[in-house]
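Peer 1: Dumping the structure here so I can ask a few things about it.
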Amino acid sequence: MRIARSVAALAIILAATLSYEHYAYADSTITNTAARPDASAKTEPAKTVSTPAVTVQMGDTLTAIADAHSTTVNDILVTNAISDPNLIEPGQVLQMPTPPQGLTGFSSSLKAAATAFMAPPVQAVQPQAQTATTTVVATQPMYHAASSAGNSYVWGTCTWYVKSRIPSLPNQLGNGGYGWLSAAAAFGYATGSSPAPGAIGVESGHVVIVESVNGNGTVNISEMNYAGQVGVVHYRTTSASEFQYIYV
């Protein structure tokens with residue numbers, strides 16, 4: 001019985017010892033494997049940025065050189081410690097400033113972005129709707145009551161008003177505007193259907209003065225005895241086709 005217990009105890013000790021050594025070996029293997037560099041991995045050489053050099057030729061300017069190498073005159077001056085941009089000579093070697101790797105053209109792009117940011121916003125031009133042009137009489141012409149001397153038309157009527165505005169008109173054109181067109185033609189006045197400023201507008205039983213002509217087919221007129229208002233000068237805008245015209 002004692003021997004059997006001794007054998008069992010020895011077996012337990014041996015098993016524990018083997019287990020510990022296996023664990024230690026495994027742990028050491030893992031640690032060493034992680035620390036060992038991978039032979040298949042390639043090491044990229046450190047990249048260097050070369051600084052191009054330009055030999056000044058006859059007729060070269062710093063502006064032309066800077067434009068050709070996408071840089072600025074100021075950057076060239078700083079890179080080459082040049083104080084006077086006019087003092088470059090043929091055969092002189094200039095080092096071209098090189099932007100940081102991966103940022104080629106960064107300076108130009110930044111300046112362009114800054115310029116665009118500082119530029120005033122462009123106002124969008126909105127198309128304007130086309131509207132008919134209308135001539136507006138800024139101030140209505142002053143009417144001065146003329147003496148009836150030389151004016152044989154009935155005072156306060158439309159014919160009296162027109163005669164008072166145009167004293168040279170004959171008194172024999174007719175009453176109430178009737179027959180004025182043919183009578184004026186007989187006296188040598190030109191007549192027609194196109195309105196004109198200063199012309200006499202004639203319709204059946206009424207005459208008016210054309211003050212101005214609008215671009216939308218209307219005329220601004222002045223008149224007397226409109227709607228029975230005897231002796232009152234009235235102003236209105238109406239269709240030009242309403243009248244025939246005597247040109248005075």
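By convention here, the chains of the structure tokens are called A, B, ... in the order presented, each chain's residues are numbered starting at 1, and ligands are numbered starting at 1 in the order presented.
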Excluding Gly205 in chain A and its own-chain neighbours fewer than 6 positions away, which residues fall within 10 Å of it when counting only C-alpha atoms? Please give them as an MDAnalysis selection string.

Peer 2: chainID A and resid 158:159 175:180

Peer 1: From the options A:Ile65, A:Val219, A:Ala240, A:Val248, which residue's atoms come nearest to Ser168 in chain A, counting only C-alpha atoms?

Peer 2: A:Val248

Peer 1: Find, counting only C-alpha atoms, the residue in A:Ser164, A:Gln244, A:Ser212, A:Gly217 that gets nearest to Ile200 in chain A.

Peer 2: A:Gln244

Peer 1: Any idea what's packed within 9 Å of Asn225 in chain A, counting only C-alpha atoms, ignoring anything in its chain fewer than 4 positions away? Could you give it as a compact mmCIF listing (two decimals) with N, CA and C atoms, in the first residue's frame?

Peer 2:
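The resulting file, part29.txt, is reproduced below:
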```txt
# COMPACT_ATOMS: atom_id res chain seq x y z
N GLY A 156 -65.05 127.55 -72.94
CA GLY A 156 -65.18 126.38 -72.06
C GLY A 156 -65.40 125.08 -72.79
N THR A 157 -65.51 125.11 -74.13
CA THR A 157 -65.71 123.88 -74.90
C THR A 157 -64.36 123.31 -75.32
N CYS A 158 -64.39 122.10 -75.89
CA CYS A 158 -63.14 121.45 -76.33
C CYS A 158 -62.49 122.22 -77.47
N TYR A 161 -60.75 125.33 -76.14
CA TYR A 161 -59.50 124.96 -75.45
C TYR A 161 -58.38 124.70 -76.47
N GLN A 229 -67.76 118.79 -68.18
CA GLN A 229 -67.09 119.73 -67.27
C GLN A 229 -66.63 120.96 -68.06
N VAL A 230 -67.53 121.86 -68.26
CA VAL A 230 -67.26 123.06 -69.06
C VAL A 230 -66.20 123.91 -68.38
N GLY A 231 -65.20 124.34 -69.17
CA GLY A 231 -64.16 125.22 -68.65
C GLY A 231 -63.13 124.54 -67.78
N VAL A 232 -63.20 123.21 -67.60
CA VAL A 232 -62.25 122.48 -66.75
C VAL A 232 -61.28 121.69 -67.65
N VAL A 233 -59.99 121.90 -67.44
CA VAL A 233 -58.97 121.15 -68.19
C VAL A 233 -58.79 119.78 -67.53
N HIS A 234 -58.88 118.76 -68.34
CA HIS A 234 -58.82 117.38 -67.82
C HIS A 234 -57.69 116.63 -68.51
```

Peer 1: Quote the spacing between CA of Ile76 in chain A and CA of Thr63 in chain A in Å to one decimal place.

Peer 2: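 CA of Thr63 in chain A lies 9.7 Å from CA of Ile76 in chain A.
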
Peer 1: What is the distance between CA of Thr218 in chain A and CA of Leu181 in chain A, in Å to one decimal?

Peer 2: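 Taking CA of Thr218 in chain A as the start and CA of Leu181 in chain A as the end point, the length is 20.4 Å.
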
Peer 1: Find the residues around range 186-196 of chain A up to 6 Å (only C-alpha atoms counted), leave out those fewer than 4 positions away in its own chain, and share them as a ChimeraX atom specification.

Peer 2: /A:244-247

Peer 1: Using only N, CA, C and O atoms, please write the residues we just selected to a file, as an mmCIF file, in the first residue's frame.

Peer 2:
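Output file selection-v3.cif is given in full below:
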```cif
data_model
loop_
_atom_site.group_PDB
_atom_site.id
_atom_site.type_symbol
_atom_site.label_atom_id
_atom_site.label_comp_id
_atom_site.auth_asym_id
_atom_site.auth_seq_id
_atom_site.Cartn_x
_atom_site.Cartn_y
_atom_site.Cartn_z
ATOM 1 N N GLN A 244 -58.199 110.408 -84.880
ATOM 2 C CA GLN A 244 -57.448 110.799 -86.065
ATOM 3 C C GLN A 244 -56.717 112.075 -85.687
ATOM 4 O O GLN A 244 -57.130 112.778 -84.754
ATOM 5 N N TYR A 245 -55.648 112.423 -86.421
ATOM 6 C CA TYR A 245 -54.785 113.488 -85.929
ATOM 7 C C TYR A 245 -54.558 114.575 -86.966
ATOM 8 O O TYR A 245 -54.431 114.305 -88.181
ATOM 9 N N ILE A 246 -54.525 115.821 -86.454
ATOM 10 C CA ILE A 246 -54.132 116.987 -87.252
ATOM 11 C C ILE A 246 -52.766 117.417 -86.741
ATOM 12 O O ILE A 246 -52.574 117.649 -85.548
ATOM 13 N N TYR A 247 -51.783 117.506 -87.663
ATOM 14 C CA TYR A 247 -50.412 117.830 -87.264
ATOM 15 C C TYR A 247 -50.179 119.334 -87.461
ATOM 16 O O TYR A 247 -50.283 119.844 -88.559
#
```

Peer 1: Excluding Asn86 in chain A and residues on its chain fewer than 3 positions from it, collect all residues at most 10 Å away from it, counting only C-alpha atoms, and give them as a count of residues only.

Peer 2: 5

Peer 1: Hey, can you check how far CA of Val210 in chain A sits from CA of Pro167 in chain A?

Peer 2: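 Computed distance, CA of Val210 in chain A to CA of Pro167 in chain A, equals 15.9 Å.
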
Peer 1: I need the residue nearest Arg165 in chain A from this list: A:Glu203, A:Asp84, A:Ser222, A:Thr98. Use only C-alpha atoms for the distance.

Peer 2: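 With only C-alpha atoms as the atom set, the closest residue is A:Ser222.
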
Peer 1: With only C-alpha atoms as the counted atoms, please give the residues lying no more than 9 Å from Thr79 in chain A, apart from itself and same-chain residues fewer than 4 positions off, as a PyMOL selection string.

Peer 2: chain A and resi 74-75+94-97

Peer 1: Measuring atom to atom with only C-alpha atoms, identify which of A:Gln57, A:Asn216, A:Asn151, A:Asn171 is nearest to Ser241 in chain A.

Peer 2: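 With only C-alpha atoms as the atom set, the closest residue is A:Asn216.
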